[in-house]
>>> print(open('upload-v3.cif').read())   # mmCIF, C-alpha atoms
data_my_file
#
loop_
_atom_site.label_atom_id
_atom_site.label_comp_id
_atom_site.auth_asym_id
_atom_site.auth_seq_id
_atom_site.Cartn_x
_atom_site.Cartn_y
_atom_site.Cartn_z
CA MET A 803 72.53 50.20 87.50
CA PRO A 804 71.41 53.73 86.58
CA LYS A 805 67.95 54.14 85.12
CA ILE A 806 69.36 56.26 82.27
CA THR A 807 72.92 56.74 81.03
CA VAL A 808 73.44 59.89 78.99
CA ILE A 809 76.10 59.91 76.27
CA SER A 810 76.44 63.55 75.33
CA THR A 811 78.49 66.75 75.41
CA PHE A 812 78.31 69.93 77.46
CA ALA A 813 79.18 73.12 75.60
CA GLN A 814 79.86 76.78 75.96
CA ASP A 815 77.33 78.38 73.64
CA LYS A 816 77.98 81.73 72.00
CA ILE A 817 74.52 82.81 70.86
CA ILE A 818 74.22 85.58 68.30
CA TYR A 819 70.76 87.12 67.99
CA LYS A 820 70.57 88.87 64.60
CA GLU A 821 67.57 90.84 65.81
CA PRO A 822 68.21 92.99 67.82
CA GLY A 823 71.96 92.42 67.31
CA LYS A 824 72.85 90.93 70.67
CA THR A 825 75.43 88.27 71.62
CA ILE A 826 75.47 86.23 74.83
CA THR A 827 77.63 83.36 76.11
CA ARG A 828 76.10 80.69 78.34
CA LYS A 829 76.21 77.03 79.31
CA GLY A 830 74.70 74.73 76.72
CA GLY A 831 75.16 71.68 74.56
CA PRO A 832 72.71 68.78 74.47
CA ALA A 833 74.06 67.41 77.77
CA PHE A 834 73.09 70.63 79.56
CA TRP A 835 69.42 70.36 78.56
CA ILE A 836 69.25 66.60 79.16
CA ASP A 837 70.80 67.04 82.62
CA LYS A 838 68.31 69.80 83.48
CA THR A 839 65.31 67.76 82.30
CA LEU A 840 66.26 64.54 84.10
CA LYS A 841 66.87 66.44 87.33
CA ASP A 842 63.49 68.15 86.97
CA LEU A 843 61.82 64.78 86.39
CA LYS A 844 63.75 63.27 89.33
CA VAL A 845 65.16 60.42 87.24
CA ASP A 846 68.29 58.53 88.33
CA PHE A 847 71.01 58.98 85.67
CA ASP A 848 74.72 59.18 84.98
CA PHE A 849 76.90 60.62 82.22
CA ILE A 850 79.50 59.55 79.69
CA CYS A 851 80.92 62.74 78.20
CA PRO A 852 84.18 64.43 77.19
CA ARG A 853 86.26 66.08 79.91
CA LYS A 854 86.27 69.39 78.04
CA GLN A 855 83.24 71.44 77.07
CA ALA A 856 82.65 71.90 73.36
CA LYS A 857 82.68 75.39 71.86
CA VAL A 858 79.55 76.13 69.84
CA GLU A 859 78.28 79.21 68.05
CA VAL A 860 74.55 79.57 67.37
CA VAL A 861 73.10 82.23 65.08
CA VAL A 862 69.44 83.04 65.78
CA SER A 863 67.49 84.91 63.09
CA LYS A 864 63.93 85.17 61.80
CA LYS A 865 64.69 82.17 59.56
CA GLY A 866 65.59 79.96 62.53
CA GLU A 867 68.74 78.78 64.29
CA THR A 868 72.04 77.62 62.79
CA GLY A 869 74.77 76.02 64.89
CA PHE A 870 78.51 75.92 64.21
CA VAL A 871 80.84 73.65 66.19
CA LYS A 872 84.14 75.39 66.90
CA SER A 873 85.72 72.55 68.92
CA VAL A 874 84.65 69.24 70.46
CA ASP A 875 86.49 66.28 72.00
CA LYS A 876 85.70 62.64 71.32
CA ILE A 877 83.53 60.60 73.68
CA ASN A 878 85.47 57.47 74.62
CA LEU A 879 83.68 54.32 75.68
CA THR A 880 85.66 51.46 77.19
CA GLY A 881 83.96 48.16 77.88
CA LYS A 882 80.28 47.33 77.92
CA ARG A 883 77.69 49.44 79.76
CA THR A 884 74.27 48.49 81.12
CA ALA A 885 71.32 50.79 81.89
CA ARG A 886 67.55 50.80 81.55
CA ALA A 887 68.03 53.30 78.73
CA PHE A 888 70.75 55.28 76.97
CA ILE A 889 70.17 58.78 75.58
CA ILE A 890 72.74 59.71 72.94
CA SER A 891 72.81 63.31 71.73
CA THR A 892 75.96 64.93 70.39
CA VAL A 893 77.06 68.27 68.95
CA ALA A 894 78.91 66.59 66.05
CA ASP A 895 80.10 63.02 65.45
CA GLU A 896 82.15 62.79 68.67
CA PHE A 897 80.61 59.43 69.61
CA ASP A 898 81.36 56.52 67.26
CA LEU A 899 78.07 54.76 66.55
CA THR A 900 79.80 51.39 66.20
CA ASN A 901 79.95 51.58 70.02
CA LEU A 902 76.21 50.90 70.13
CA THR A 903 77.10 47.20 70.31
CA LYS A 904 78.62 47.86 73.76
CA LEU A 905 75.36 49.21 75.20
CA ASN A 906 72.97 46.87 77.00
CA GLY A 907 69.61 48.63 77.31
CA LEU A 908 67.11 50.69 75.33
CA ILE A 909 69.01 53.03 72.99
CA ALA A 910 67.59 56.48 72.14
CA LEU A 911 69.56 58.45 69.55
CA ASP A 912 69.19 62.05 68.39
CA ILE A 913 71.00 62.45 65.06
CA GLN A 914 71.35 66.24 65.29
CA GLY A 915 75.13 66.17 65.75
CA TYR A 916 75.68 63.63 62.99
CA ALA A 917 73.49 65.64 60.62
CA ARG A 918 75.53 68.75 61.45
CA ASP A 919 78.75 66.85 60.67
CA ILE A 920 77.32 65.64 57.34
CA LYS A 921 76.73 69.27 56.31
CA VAL A 922 80.29 70.23 57.27
CA GLN A 923 81.77 67.26 55.39
CA LYS A 924 79.43 67.99 52.44
CA LYS A 925 78.15 64.43 52.39
CA THR A 926 74.60 63.44 51.45
CA LYS A 927 73.69 60.57 53.77
CA LEU A 928 74.38 59.31 57.27
CA GLN A 929 76.14 55.98 56.85
CA ILE A 930 75.05 53.48 59.49
CA ALA A 931 75.27 49.74 58.81
CA PRO A 932 71.97 47.81 59.18
CA ASP A 933 73.35 45.63 61.99
CA THR A 934 74.10 48.87 63.88
CA TYR A 935 70.93 50.88 63.22
CA GLN A 936 68.78 47.90 64.18
CA LEU A 937 70.09 48.40 67.73
CA ILE A 938 68.43 51.84 67.92
CA SER A 939 65.17 51.58 69.88
CA ILE A 940 64.21 55.26 69.55
CA LEU A 941 65.48 57.63 66.86
CA LYS A 942 64.77 61.36 66.91
CA VAL A 943 65.18 63.54 63.84
CA THR A 944 63.87 66.88 62.68
CA LYS A 945 61.87 67.16 59.48
CA GLU A 946 64.94 68.70 57.80
CA GLU A 947 67.29 65.92 59.01
CA LEU A 948 65.20 63.18 57.40
CA LYS A 949 66.91 63.84 54.06
CA PHE A 950 70.17 62.51 55.51
CA LEU A 951 68.66 59.07 56.17
CA ASP A 952 68.04 56.29 53.65
CA LYS A 953 64.41 55.26 53.21
CA GLU A 954 65.33 51.70 54.18
CA PHE A 955 66.70 53.04 57.47
CA THR A 956 63.61 55.12 58.32
CA ASP A 957 61.16 52.41 57.24
CA ASN A 958 62.99 49.94 59.47
CA GLN A 959 63.02 52.40 62.38
CA LYS A 960 59.25 52.94 62.15
CA LYS A 961 58.83 49.34 63.30
CA ARG A 962 60.46 50.41 66.58
CA ILE A 963 60.12 54.14 67.38
CA LEU A 964 60.85 57.08 65.06
CA ILE A 965 60.27 60.61 66.38
CA ILE A 966 60.08 63.46 63.85
CA THR A 967 59.99 66.94 65.38
CA LYS A 968 58.57 69.75 63.25
CA GLY A 969 59.05 72.93 65.24
CA GLU A 970 55.84 74.97 65.43
CA GLN A 971 53.95 72.10 63.79
CA GLY A 972 54.65 69.79 66.72
CA ALA A 973 55.82 66.22 66.21
CA GLU A 974 54.86 62.86 64.79
CA ILE A 975 55.85 59.48 66.15
CA PHE A 976 55.90 56.12 64.39
CA SER A 977 55.81 53.08 66.65
CA GLY A 978 55.17 49.48 65.67
CA GLY A 979 53.99 50.67 62.26
CA LYS A 980 51.44 53.12 63.73
CA ARG A 981 51.60 56.91 63.30
CA TYR A 982 50.73 59.40 66.04
CA VAL A 983 50.50 63.17 65.46
CA PHE A 984 51.08 65.72 68.23
CA PRO A 985 50.17 69.33 67.32
CA ALA A 986 52.04 72.01 69.27
CA ARG A 987 50.52 74.99 71.02
CA LYS A 988 51.94 78.14 69.42
CA THR A 989 54.29 79.92 71.79
CA LYS A 990 56.25 83.07 70.98
CA VAL A 991 59.87 82.61 72.11
CA LYS A 992 63.19 84.25 71.30
CA ASP A 993 64.75 80.86 70.48
CA THR A 994 64.03 77.13 70.68
CA ILE A 995 67.55 76.04 71.69
CA GLY A 996 67.38 72.84 73.73
CA ALA A 997 63.79 71.97 72.80
CA GLY A 998 64.71 68.85 70.82
CA ASP A 999 66.83 67.44 73.63
CA VAL A 1000 64.14 68.23 76.19
CA PHE A 1001 61.52 66.47 74.04
CA LEU A 1002 63.58 63.30 73.59
CA THR A 1003 64.58 63.19 77.26
CA ALA A 1004 61.02 63.66 78.50
CA PHE A 1005 59.82 61.01 76.03
CA VAL A 1006 62.41 58.42 77.12
CA ALA A 1007 61.87 59.09 80.84
CA GLU A 1008 58.13 58.54 80.43
CA PHE A 1009 58.40 55.65 77.96
CA ILE A 1010 60.57 53.48 80.20
CA LYS A 1011 57.87 53.84 82.87
CA ILE A 1012 54.74 53.16 80.79
CA LYS A 1013 55.98 51.46 77.57
CA ASP A 1014 53.42 53.42 75.51
CA ALA A 1015 54.78 55.61 72.69
CA GLN A 1016 51.56 57.56 72.19
CA LYS A 1017 51.20 58.51 75.86
CA ALA A 1018 54.93 59.24 76.17
CA GLY A 1019 54.67 61.51 73.11
CA LYS A 1020 51.74 63.40 74.62
CA PHE A 1021 53.72 63.85 77.84
CA ALA A 1022 56.82 65.05 75.96
CA ILE A 1023 54.99 67.60 73.79
CA GLY A 1024 53.33 69.08 76.86
CA TYR A 1025 56.63 69.19 78.71
CA VAL A 1026 58.36 71.01 75.84
CA GLU A 1027 55.53 73.52 75.52
CA GLN A 1028 56.04 74.43 79.18
CA PHE A 1029 59.83 74.54 78.68
CA LEU A 1030 59.42 77.04 75.82
CA ALA A 1031 56.82 79.09 77.70
CA ASP A 1032 59.27 79.45 80.60
CA LYS A 1033 62.15 80.67 78.39
#
>>> encode(input="upload-v3.cif", output="structure tokens")
Amino acid sequence: MPKITVISTFAQDKIIYKEPGKTITRKGGPAFWIDKTLKDLKVDFDFICPRKQAKVEVVVSKKGETGFVKSVDKINLTGKRTARAFIISTVADEFDLTNLTKLNGLIALDIQGYARDIKVQKKTKLQIAPDTYQLISILKVTKEELKFLDKEFTDNQKKRILIITKGEQGAEIFSGGKRYVFPARKTKVKDTIGAGDVFLTAFVAEFIKIKDAQKAGKFAIGYVEQFLADK
């Protein structure tokens, strides 16, 4: 049984820097950053991902980063899977969340891809049935993505673990009804692509070892600060 099973997508990222007007193409997608982090942390893991890479375009400007998914294949899951933990991070909605019932282990979900799909579909909320979202042990959202979740959902998640990342302002974590704040050290970087996936991965890897959300959060924020400093 692997320590962590990653359900995610690799991508070819076309990154457009508005200032100074430069475009590069490189490996990316959430799976790329998760893979890199778990290897660095020397954690045993395996992958469930599409055969094809997704095609993603990211525009980086002074206002931040905006991603556009050009193509992505579905992630198919057949039968039940067991692991110490599952990290789920997608580029869109390529993994059907009703499949959470097939996963036996701690489930950590980043909603970034589902939030991106909501914007494309011009919907207002992420629709997850209560009997499904109660299976999520750890949920990571950005401050901006919170608006796509019902208050009932987030209040329920705070009883388990809810991670809210806030860019330069760091992160806050709710666990068992308690709130922990993690300020970030200001670091000047050309982009923050991958930082959210690195944070969640570092948090999960540490949490399954020590079972302490506050200490795992402190470890993750420090790990991401170093990741950004090395960019």
>>> resolve_selection(input="upload-v3.cif", expression="the PyMOL selection byres ((chain A and resi 972) around 12)", output="count of residues only")
30
>>> resolve_selection(input="upload-v3.cif", expression="the PyMOL selection byres ((chain A and resi 979) around 6)", output="list in words")
Lys960, Lys961, Ser977, Gly978 and Lys980 of chain A
>>> resolve_selection(input="upload-v3.cif", expression="the PyMOL selection byres ((chain A and resi 928) around 10)", output="PyMOL selection string")
chain A and resi 913+916-917+919-920+925-927+929-931+947-952+955
>>> closest_residue(input="upload-v3.cif", among="A:Ile809, A:Val862, A:Ala910, A:Ile1012", to="Asp895 of chain A", atoms="all atoms listed in the file")
A:Ile809
>>> closest_atom_pairs(input="upload-v3.cif", of="segment 885-933 of chain A", to="segment 812-818 of chain A", cutoff="12 Å", atoms="only C-alpha atoms", output="tab-separated table")
residue	atom	partner	partner_atom	distance
A:Ser891	CA	A:Phe812	CA	10.3
A:Thr892	CA	A:Phe812	CA	9.0
A:Val893	CA	A:Ala813	CA	8.5
A:Ala894	CA	A:Ala813	CA	11.6
A:Glu896	CA	A:Phe812	CA	12.0
>>> closest_residue(input="upload-v3.cif", among="A:Phe1005, A:Lys1033, A:Gln855, A:Glu954", to="Pro832 of chain A", atoms="only C-alpha atoms")
A:Gln855
>>> closest_residue(input="upload-v3.cif", among="A:Gly830, A:Gly823, A:Gly915, A:Gly881", to="Val858 of chain A", atoms="all atoms listed in the file")
A:Gly830
>>> residues_around(input="upload-v3.cif", residues="Lys882 of chain A", least_positions_apart="5", cutoff="12 Å", atoms="only C-alpha atoms", output="mmCIF file with C-alpha atoms, in the frame of the given file")
data_model
loop_
_atom_site.group_PDB
_atom_site.id
_atom_site.type_symbol
_atom_site.label_atom_id
_atom_site.label_comp_id
_atom_site.auth_asym_id
_atom_site.auth_seq_id
_atom_site.Cartn_x
_atom_site.Cartn_y
_atom_site.Cartn_z
ATOM 1 C CA ASN A 901 79.950 51.580 70.020
ATOM 2 C CA LEU A 902 76.210 50.900 70.130
ATOM 3 C CA THR A 903 77.100 47.200 70.310
ATOM 4 C CA LYS A 904 78.620 47.860 73.760
ATOM 5 C CA LEU A 905 75.360 49.210 75.200
ATOM 6 C CA ASN A 906 72.970 46.870 77.000
ATOM 7 C CA GLY A 907 69.610 48.630 77.310
#
>>> closest_residue(input="upload-v3.cif", among="A:Thr825, A:Thr868, A:Asn878, A:Ser810", to="Ala856 of chain A", atoms="only C-alpha atoms")
A:Ser810
>>> atom_distance(input="upload-v3.cif", atom1="atom CA of Pro852 of chain A", atom2="atom CA of Lys805 of chain A")
20.8 Å
